[in-house]
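Text of target-v9.cif, listed as mmCIF, C-alpha atoms and all ligand atoms:
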data_my_file
#
loop_
_atom_site.label_atom_id
_atom_site.label_comp_id
_atom_site.auth_asym_id
_atom_site.auth_seq_id
_atom_site.Cartn_x
_atom_site.Cartn_y
_atom_site.Cartn_z
CA MET A 1 46.48 -22.24 20.65
CA LYS A 2 47.13 -18.56 21.16
CA LEU A 3 46.30 -15.43 19.19
CA VAL A 4 49.14 -12.92 19.28
CA ILE A 5 48.20 -9.32 18.39
CA ALA A 6 51.30 -7.22 17.70
CA ILE A 7 51.30 -3.49 16.95
CA VAL A 8 54.54 -2.28 15.37
CA GLN A 9 55.77 0.71 13.41
CA ASP A 10 55.12 0.69 9.67
CA LYS A 11 58.84 0.87 8.99
CA ASP A 12 59.39 -2.45 10.76
CA SER A 13 56.37 -4.10 9.19
CA ASP A 14 57.94 -5.52 6.00
CA GLN A 15 60.89 -7.00 7.82
CA LEU A 16 58.58 -8.53 10.41
CA SER A 17 56.44 -10.09 7.65
CA ASN A 18 59.57 -11.55 6.11
CA GLN A 19 60.77 -12.97 9.42
CA PHE A 20 57.38 -14.56 10.05
CA ILE A 21 57.50 -16.25 6.64
CA GLU A 22 61.11 -17.36 7.19
CA HIS A 23 60.15 -18.92 10.55
CA ASP A 24 56.97 -20.48 9.15
CA VAL A 25 54.74 -18.31 11.33
CA ARG A 26 51.44 -17.47 9.71
CA ALA A 27 50.34 -13.89 10.22
CA THR A 28 47.83 -11.47 8.75
CA LYS A 29 48.40 -7.74 8.71
CA LEU A 30 45.73 -5.14 9.45
CA ALA A 31 46.01 -1.52 8.42
CA SER A 32 46.06 0.65 11.53
CA SER A 33 47.08 4.01 12.92
CA GLY A 34 47.18 5.59 16.29
CA SER A 35 48.66 6.38 19.60
CA PHE A 36 50.28 3.16 20.82
CA LEU A 37 53.18 4.17 18.63
CA ARG A 38 53.37 7.72 17.38
CA SER A 39 53.81 7.33 13.62
CA GLY A 40 51.90 5.01 11.29
CA ASN A 41 51.69 1.48 12.54
CA SER A 42 50.63 -2.01 11.53
CA THR A 43 48.75 -4.61 13.51
CA PHE A 44 49.59 -8.28 13.03
CA LEU A 45 47.35 -11.20 13.98
CA ILE A 46 49.32 -14.39 14.54
CA GLY A 47 47.77 -17.75 15.37
CA ILE A 48 50.32 -19.98 17.06
CA ASP A 49 50.58 -23.12 19.19
CA ASP A 50 51.26 -22.44 22.87
CA GLN A 51 54.78 -23.88 22.74
CA ARG A 52 55.80 -21.44 19.97
CA VAL A 53 54.57 -18.22 21.64
CA ASP A 54 58.03 -17.41 23.03
CA GLU A 55 59.55 -17.86 19.57
CA VAL A 56 57.05 -15.45 18.06
CA LEU A 57 57.65 -12.89 20.81
CA GLU A 58 61.39 -13.22 20.24
CA ILE A 59 60.97 -12.51 16.51
CA ILE A 60 58.83 -9.44 17.22
CA LYS A 61 61.29 -8.17 19.82
CA HIS A 62 64.28 -8.77 17.56
CA VAL A 63 62.82 -6.87 14.59
CA SER A 64 60.76 -4.17 16.26
CA LYS A 65 62.15 -3.24 19.64
CA LYS A 66 62.65 0.42 20.43
CA ARG A 67 66.19 1.47 19.56
CA ARG A 68 68.28 4.57 19.06
CA LYS A 69 69.43 5.69 15.66
CA PHE A 70 71.69 8.56 14.62
CA ILE A 71 70.33 10.85 11.94
CA THR A 72 72.19 13.71 10.27
CA PRO A 73 70.07 16.71 9.24
CA PRO A 74 70.43 17.21 5.47
CA VAL A 75 72.93 19.85 4.30
CA GLY A 76 71.25 22.95 2.91
CA VAL A 77 68.54 22.96 5.50
CA ASP A 78 68.98 25.95 7.77
CA THR A 79 69.98 24.29 10.97
CA HIS A 80 71.61 27.28 12.61
CA VAL A 81 70.01 28.02 15.95
CA GLU A 82 71.17 31.17 17.70
CA GLY A 83 74.27 31.27 15.54
CA VAL A 84 75.34 27.72 16.37
CA ARG A 85 75.61 25.15 13.61
CA ASN A 86 73.61 22.13 14.71
CA ASN A 87 73.49 19.74 11.79
CA TYR A 88 75.53 17.25 13.74
CA PRO A 89 74.23 13.67 13.87
CA ARG A 90 71.64 13.34 16.57
CA GLN A 91 69.89 10.44 18.27
CA VAL A 92 66.25 9.61 17.66
CA SER A 93 64.20 6.75 19.06
CA ILE A 94 62.54 4.45 16.54
CA GLY A 95 60.66 1.17 16.61
CA GLY A 96 58.75 -0.29 19.50
CA ALA A 97 56.12 -3.01 19.73
CA THR A 98 53.01 -3.56 21.84
CA VAL A 99 51.99 -7.21 22.07
CA PHE A 100 48.89 -8.94 23.44
CA VAL A 101 48.70 -12.73 23.77
CA LEU A 102 45.14 -14.11 23.99
CA ASP A 103 43.83 -17.61 24.69
CA VAL A 104 41.93 -19.14 21.78
CA ALA A 105 38.83 -21.12 22.78
CA GLN A 106 38.48 -22.75 19.36
CA PHE A 107 40.53 -22.71 16.17
CA GLU A 108 39.32 -23.83 12.75
CA GLN A 109 40.66 -23.93 9.24
CA TYR A 110 38.43 -24.59 6.25
CA MET B 1 29.38 -14.33 24.35
CA LYS B 2 32.15 -15.13 21.91
CA LEU B 3 34.23 -13.06 19.51
CA VAL B 4 34.84 -14.88 16.25
CA ILE B 5 37.77 -13.61 14.15
CA ALA B 6 37.64 -14.98 10.62
CA ILE B 7 40.26 -14.39 7.92
CA VAL B 8 39.01 -15.16 4.41
CA GLN B 9 40.00 -14.38 0.84
CA ASP B 10 38.83 -11.06 -0.57
CA LYS B 11 36.90 -12.82 -3.31
CA ASP B 12 34.72 -14.56 -0.70
CA SER B 13 34.28 -11.46 1.41
CA ASP B 14 31.17 -9.94 -0.22
CA GLN B 15 29.28 -13.19 -0.22
CA LEU B 16 30.22 -13.78 3.41
CA SER B 17 28.98 -10.30 4.37
CA ASN B 18 25.69 -11.03 2.62
CA GLN B 19 25.29 -14.38 4.35
CA PHE B 20 25.95 -12.76 7.74
CA ILE B 21 23.24 -10.18 7.06
CA GLU B 22 20.83 -12.84 5.83
CA HIS B 23 21.37 -14.90 8.99
CA ASP B 24 21.17 -11.83 11.25
CA VAL B 25 24.81 -12.15 12.31
CA ARG B 26 26.45 -8.83 13.03
CA ALA B 27 29.98 -8.53 11.71
CA THR B 28 32.51 -5.81 11.03
CA LYS B 29 35.15 -6.15 8.33
CA LEU B 30 38.77 -5.07 8.70
CA ALA B 31 41.07 -4.46 5.77
CA SER B 32 43.95 -6.90 5.92
CA SER B 33 46.63 -8.63 3.89
CA GLY B 34 49.14 -11.32 4.45
CA SER B 35 50.32 -14.82 4.68
CA PHE B 36 47.49 -16.76 6.30
CA LEU B 37 46.02 -16.88 2.82
CA ARG B 38 48.21 -15.98 -0.12
CA SER B 39 46.22 -13.32 -1.97
CA GLY B 40 44.40 -10.32 -0.49
CA ASN B 41 42.22 -11.17 2.44
CA SER B 42 39.63 -9.72 4.78
CA THR B 43 39.30 -10.11 8.52
CA PHE B 44 35.82 -10.26 10.05
CA LEU B 45 35.01 -9.61 13.71
CA ILE B 46 31.77 -11.30 14.76
CA GLY B 47 30.22 -10.99 18.20
CA ILE B 48 27.86 -13.89 18.84
CA ASP B 49 26.11 -15.73 21.67
CA ASP B 50 27.75 -19.04 22.62
CA GLN B 51 24.86 -21.12 21.28
CA ARG B 52 25.19 -19.58 17.81
CA VAL B 53 28.97 -20.11 17.35
CA ASP B 54 28.44 -23.35 15.40
CA GLU B 55 26.00 -21.60 13.08
CA VAL B 56 28.53 -18.84 12.37
CA LEU B 57 31.31 -21.38 11.74
CA GLU B 58 29.01 -23.26 9.38
CA ILE B 59 28.32 -20.07 7.39
CA ILE B 60 32.04 -19.28 7.13
CA LYS B 61 32.86 -22.85 6.09
CA HIS B 62 30.05 -22.95 3.54
CA VAL B 63 31.09 -19.70 1.83
CA SER B 64 34.84 -19.73 2.21
CA LYS B 65 36.21 -23.23 2.43
CA LYS B 66 39.14 -24.15 0.22
CA ARG B 67 37.92 -25.67 -3.03
CA ARG B 68 39.16 -26.54 -6.48
CA LYS B 69 38.18 -24.64 -9.54
CA PHE B 70 38.94 -25.23 -13.20
CA ILE B 71 40.38 -22.29 -15.09
CA THR B 72 41.10 -22.13 -18.80
CA PRO B 73 44.06 -20.01 -19.84
CA PRO B 74 42.87 -17.28 -22.23
CA VAL B 75 43.30 -17.89 -25.96
CA GLY B 76 46.01 -15.75 -27.52
CA VAL B 77 48.29 -16.04 -24.57
CA ASP B 78 51.33 -18.08 -25.50
CA THR B 79 50.77 -21.20 -23.50
CA HIS B 80 53.02 -23.50 -25.50
CA VAL B 81 55.63 -25.07 -23.30
CA GLU B 82 58.26 -27.13 -25.08
CA GLY B 83 56.06 -27.41 -28.12
CA VAL B 84 53.05 -28.75 -26.22
CA ARG B 85 49.78 -26.83 -26.21
CA ASN B 86 48.77 -26.43 -22.60
CA ASN B 87 45.81 -24.09 -22.56
CA TYR B 88 43.60 -26.91 -21.34
CA PRO B 89 41.46 -26.21 -18.29
CA ARG B 90 43.48 -26.70 -15.16
CA GLN B 91 42.69 -26.95 -11.48
CA VAL B 92 43.55 -24.21 -9.02
CA SER B 93 42.85 -24.04 -5.31
CA ILE B 94 40.85 -21.03 -4.10
CA GLY B 95 39.21 -19.92 -0.88
CA GLY B 96 40.10 -21.01 2.61
CA ALA B 97 39.35 -19.57 6.03
CA THR B 98 41.28 -19.28 9.29
CA VAL B 99 39.00 -18.83 12.30
CA PHE B 100 39.69 -17.98 15.94
CA VAL B 101 36.95 -18.12 18.58
CA LEU B 102 37.69 -16.10 21.72
CA ASP B 103 35.87 -15.84 25.04
CA VAL B 104 34.47 -12.38 25.75
CA ALA B 105 34.82 -11.23 29.36
CA GLN B 106 32.38 -8.34 28.93
CA PHE B 107 30.17 -7.13 26.09
CA GLU B 108 28.57 -3.69 25.88
CA GLN B 109 26.46 -1.78 23.40
CA TYR B 110 25.88 1.94 23.73
CA MET C 1 45.34 -6.59 31.71
CA LYS C 2 42.40 -6.38 29.32
CA LEU C 3 42.09 -5.80 25.59
CA VAL C 4 39.09 -3.63 24.76
CA ILE C 5 37.86 -3.81 21.16
CA ALA C 6 35.48 -0.95 20.37
CA ILE C 7 33.63 -0.48 17.08
CA VAL C 8 32.27 3.05 16.62
CA GLN C 9 30.99 5.23 13.80
CA ASP C 10 33.62 7.06 11.75
CA LYS C 11 32.12 10.39 12.73
CA ASP C 12 32.84 9.72 16.41
CA SER C 13 36.29 8.33 15.76
CA ASP C 14 38.36 11.53 15.94
CA GLN C 15 36.72 12.71 19.14
CA LEU C 16 37.22 9.29 20.69
CA SER C 17 40.92 9.32 19.73
CA ASN C 18 41.26 12.74 21.36
CA GLN C 19 39.50 11.61 24.55
CA PHE C 20 41.77 8.57 24.78
CA ILE C 21 44.85 10.79 24.49
CA GLU C 22 43.45 13.25 27.05
CA HIS C 23 42.82 10.42 29.52
CA ASP C 24 46.19 8.79 28.82
CA VAL C 25 44.60 5.70 27.33
CA ARG C 26 46.67 4.12 24.58
CA ALA C 27 44.66 2.95 21.59
CA THR C 28 45.29 1.93 18.02
CA LYS C 29 42.72 2.40 15.29
CA LEU C 30 41.95 -0.12 12.56
CA ALA C 31 40.15 0.72 9.34
CA SER C 32 36.90 -1.20 9.18
CA SER C 33 33.45 -1.27 7.64
CA GLY C 34 30.34 -3.27 8.03
CA SER C 35 27.10 -4.19 9.58
CA PHE C 36 27.59 -3.70 13.32
CA LEU C 37 26.90 -0.06 12.58
CA ARG C 38 25.38 0.86 9.26
CA SER C 39 27.72 3.56 7.94
CA GLY C 40 31.52 3.54 7.91
CA ASN C 41 33.04 2.59 11.20
CA SER C 42 36.35 2.39 13.02
CA THR C 43 37.66 -0.33 15.30
CA PHE C 44 39.83 0.63 18.27
CA LEU C 45 42.15 -1.73 20.14
CA ILE C 46 42.83 -0.54 23.69
CA GLY C 47 45.16 -2.27 26.11
CA ILE C 48 44.27 -1.33 29.69
CA ASP C 49 44.78 -2.46 33.27
CA ASP C 50 41.77 -4.23 34.79
CA GLN C 51 41.04 -1.41 37.20
CA ARG C 52 40.70 1.12 34.37
CA VAL C 53 38.29 -0.86 32.17
CA ASP C 54 35.24 0.98 33.54
CA GLU C 55 36.90 4.33 32.84
CA VAL C 56 37.56 3.31 29.22
CA LEU C 57 33.99 2.07 28.78
CA GLU C 58 32.70 5.36 30.23
CA ILE C 59 34.76 7.34 27.71
CA ILE C 60 33.47 5.24 24.79
CA LYS C 61 29.89 5.54 26.01
CA HIS C 62 30.17 9.27 26.55
CA VAL C 63 31.54 9.98 23.06
CA SER C 64 29.84 7.35 20.95
CA LYS C 65 26.50 6.32 22.39
CA LYS C 66 23.50 6.22 20.09
CA ARG C 67 21.65 9.53 20.19
CA ARG C 68 19.01 11.44 18.29
CA LYS C 69 19.77 14.46 16.17
CA PHE C 70 17.49 16.80 14.27
CA ILE C 71 18.36 17.34 10.62
CA THR C 72 16.62 19.71 8.20
CA PRO C 73 16.46 18.54 4.58
CA PRO C 74 18.20 21.12 2.37
CA VAL C 75 15.99 23.68 0.61
CA GLY C 76 15.74 23.09 -3.14
CA VAL C 77 15.61 19.35 -2.79
CA ASP C 78 12.19 18.09 -3.83
CA THR C 79 10.83 16.95 -0.54
CA HIS C 80 7.14 17.00 -1.46
CA VAL C 81 5.55 13.64 -0.91
CA GLU C 82 1.98 13.29 -2.13
CA GLY C 83 1.57 17.04 -2.18
CA VAL C 84 2.73 17.54 1.42
CA ARG C 85 5.77 19.67 2.14
CA ASN C 86 8.04 17.62 4.36
CA ASN C 87 11.30 19.51 4.67
CA TYR C 88 10.66 20.01 8.36
CA PRO C 89 13.45 19.08 10.75
CA ARG C 90 13.36 15.39 11.45
CA GLN C 91 15.00 13.08 13.94
CA VAL C 92 17.72 10.65 12.90
CA SER C 93 19.66 8.21 15.07
CA ILE C 94 23.45 8.56 15.01
CA GLY C 95 26.36 7.04 16.90
CA GLY C 96 26.46 3.76 18.71
CA ALA C 97 29.28 1.56 19.93
CA THR C 98 29.83 -2.20 20.16
CA VAL C 99 32.45 -3.13 22.75
CA PHE C 100 34.20 -6.42 23.56
CA VAL C 101 36.44 -6.77 26.63
CA LEU C 102 38.89 -9.70 26.43
CA ASP C 103 41.26 -11.17 29.00
CA VAL C 104 44.93 -10.84 28.07
CA ALA C 105 47.07 -13.89 28.87
CA GLN C 106 50.35 -12.03 28.36
CA PHE C 107 51.28 -8.43 27.58
CA GLU C 108 54.67 -7.26 26.32
CA GLN C 109 56.23 -4.01 25.23
CA TYR C 110 59.54 -3.91 23.42
NI NI A 201 65.32 -16.72 13.65
NI NI A 202 21.73 -20.54 5.94
NI NI A 203 37.03 12.50 31.31
#
Let me see whether you can do it: turn the structure in this file into structure tokens.
Amino acid sequence: MKLVIAIVQDKDSDQLSNQFIEHDVRATKLASSGSFLRSGNSTFLIGIDDQRVDEVLEIIKHVSKKRRKFITPPVGVDTHVEGVRNNYPRQVSIGGATVFVLDVAQFEQY
Amino acid sequence: MKLVIAIVQDKDSDQLSNQFIEHDVRATKLASSGSFLRSGNSTFLIGIDDQRVDEVLEIIKHVSKKRRKFITPPVGVDTHVEGVRNNYPRQVSIGGATVFVLDVAQFEQY
Amino acid sequence: MKLVIAIVQDKDSDQLSNQFIEHDVRATKLASSGSFLRSGNSTFLIGIDDQRVDEVLEIIKHVSKKRRKFITPPVGVDTHVEGVRNNYPRQVSIGGATVFVLDVAQFEQY
């Protein structure tokens, strides 16, 4: 038995919950904040048999990994810098996950 | 030294806190939600000497274990289904606890 | 790799976050409450290489250790007890930290 502790961005949290349910992985979500990932984040506790750890890590990676996204500044916002129009789409980095896998000495359900 | 992580239903959380205090078990409660247990839940972190782990598990089991309860649907609510009155008391399952016991490599108090 | 779980008083939580950032220690903060420390508290999760555990513990100790503080009861509050004026400065105990260090079986970042 392993305890997986996964810290992901809030914006990936709902999709991750859904994926856990879909894959019959039982997880509990803790409210968290802080500097592992810049914006608001969520911490998941997942209890899982040793042979399913890789599957859980794969789900987390698939949903939450750091990726690039193009955003377009909204029209009407003054995006002229030194006379140059700059409301072109630009790349930002979103997502990211920090994951700890811990050995469980004893596991009980009542 | 062990770290016990216990996830219980919100409705059992106050009584569990009280039992921990009464038995001189020091615990901290994290706000949590999620699919280990269907409705809102609470996650407790309990630091405890190895020889008291069984006592802590017994307290959690005693307060939080899954049990059946009879509920009676309130009068006035339309509980007729296909012409049959069904506001008789009925059984629901409440409670339940998921517990992880982890080895602690180092414990400090400042 | 170690996972450090530190429970500190809310009032020390911002300064601790700042010290972690200043020392390039990545931490996430969970909302918590409970009886490890009487008033509101915060729980930090810190992932750190084995050789930096002592540094992290030193930071936690430095910011959060239990210490005495003099407070003066506000004027206007009735602080007479049995005819004796007692709004002199008095010592209270603040702070305190409970810290668990756990071995990490596997650590991933995505
Ligand atoms: Ni899948
Ligand atoms: Ni008892
Ligand atoms: Ni320093």
*Surroundings of ligand NI 201 (chain A) up to 10 Å, based on only C-alpha atoms and all ligand atoms, as a PyMOL selection string*: chain A and resi 19-20+22-23+55-56+58-59+62
Contacts from chain C to chain B, 10 Å maximum, all atoms listed in the file: show me the residue list as a PDB file with C-alpha atoms, keeping the file's coordinate frame.
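Everything below was put into part.pdb:
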ATOM      1  CA  LYS C   2      42.400  -6.380  29.320  1.00  0.00           C
ATOM      2  CA  LEU C   3      42.090  -5.800  25.590  1.00  0.00           C
ATOM      3  CA  VAL C   4      39.090  -3.630  24.760  1.00  0.00           C
ATOM      4  CA  ILE C   5      37.860  -3.810  21.160  1.00  0.00           C
ATOM      5  CA  ALA C   6      35.480  -0.950  20.370  1.00  0.00           C
ATOM      6  CA  ILE C   7      33.630  -0.480  17.080  1.00  0.00           C
ATOM      7  CA  VAL C   8      32.270   3.050  16.620  1.00  0.00           C
ATOM      8  CA  LEU C  30      41.950  -0.120  12.560  1.00  0.00           C
ATOM      9  CA  ALA C  31      40.150   0.720   9.340  1.00  0.00           C
ATOM     10  CA  SER C  32      36.900  -1.200   9.180  1.00  0.00           C
ATOM     11  CA  SER C  33      33.450  -1.270   7.640  1.00  0.00           C
ATOM     12  CA  GLY C  34      30.340  -3.270   8.030  1.00  0.00           C
ATOM     13  CA  SER C  35      27.100  -4.190   9.580  1.00  0.00           C
ATOM     14  CA  PHE C  36      27.590  -3.700  13.320  1.00  0.00           C
ATOM     15  CA  LEU C  37      26.900  -0.060  12.580  1.00  0.00           C
ATOM     16  CA  ARG C  38      25.380   0.860   9.260  1.00  0.00           C
ATOM     17  CA  GLY C  40      31.520   3.540   7.910  1.00  0.00           C
ATOM     18  CA  ASN C  41      33.040   2.590  11.200  1.00  0.00           C
ATOM     19  CA  SER C  42      36.350   2.390  13.020  1.00  0.00           C
ATOM     20  CA  THR C  43      37.660  -0.330  15.300  1.00  0.00           C
ATOM     21  CA  LEU C  57      33.990   2.070  28.780  1.00  0.00           C
ATOM     22  CA  ILE C  60      33.470   5.240  24.790  1.00  0.00           C
ATOM     23  CA  LYS C  61      29.890   5.540  26.010  1.00  0.00           C
ATOM     24  CA  HIS C  62      30.170   9.270  26.550  1.00  0.00           C
ATOM     25  CA  VAL C  63      31.540   9.980  23.060  1.00  0.00           C
ATOM     26  CA  SER C  64      29.840   7.350  20.950  1.00  0.00           C
ATOM     27  CA  LYS C  65      26.500   6.320  22.390  1.00  0.00           C
ATOM     28  CA  LYS C  66      23.500   6.220  20.090  1.00  0.00           C
ATOM     29  CA  ARG C  67      21.650   9.530  20.190  1.00  0.00           C
ATOM     30  CA  GLY C  95      26.360   7.040  16.900  1.00  0.00           C
ATOM     31  CA  GLY C  96      26.460   3.760  18.710  1.00  0.00           C
ATOM     32  CA  ALA C  97      29.280   1.560  19.930  1.00  0.00           C
ATOM     33  CA  THR C  98      29.830  -2.200  20.160  1.00  0.00           C
ATOM     34  CA  VAL C  99      32.450  -3.130  22.750  1.00  0.00           C
ATOM     35  CA  PHE C 100      34.200  -6.420  23.560  1.00  0.00           C
ATOM     36  CA  VAL C 101      36.440  -6.770  26.630  1.00  0.00           C
ATOM     37  CA  LEU C 102      38.890  -9.700  26.430  1.00  0.00           C
ATOM     38  CA  ASP C 103      41.260 -11.170  29.000  1.00  0.00           C
TER      39      ASP C 103
END
*Find the distance between CA of Pro89 (chain A) and CA of Ile71 (chain A) and write it in Å to one decimal.*
5.2 Å
*asked:* Counting all atoms listed in the file, which residues have an atom no more than 6 Å from (68.0, 7.8, 18.8) in the file's coordinates? Please list them as a list in words.
replied: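 Every residue inside that radius is included here: Arg68, Lys69, Phe70, Gln91, Val92 and Ser93 of chain A.
Nearest to ligand NI 202 (chain A) of all the residues B:Thr72, B:Leu16, B:Asp49, B:Arg90 is B:Leu16, counting all atoms listed in the file.
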*Quote the spacing between atom NI of ligand NI 203 (chain A) and CA of Asp12 (chain C) in Å to one decimal place.*
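Spanning atom NI of ligand NI 203 (chain A) to CA of Asp12 (chain C) is a straight-line distance of 15.7 Å.
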Kindly list the centre and edge lengths in Å, rounded to one decimal, for the axis-aligned box that covers all listed atoms of region 18-27 of chain C plus 3 Å on each of its six sides, as lines of an AutoDock Vina configuration file.
center_x = 43.1
center_y = 8.1
center_z = 25.4
size_x = 13.2
size_y = 16.3
size_z = 14.2
*Would you mind reading off the distance between CA of Gln15 (chain B) and CA of Asp54 (chain B), one decimal, in Å?*
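So the two atoms, CA of Gln15 (chain B) and CA of Asp54 (chain B), lie 18.7 Å apart.
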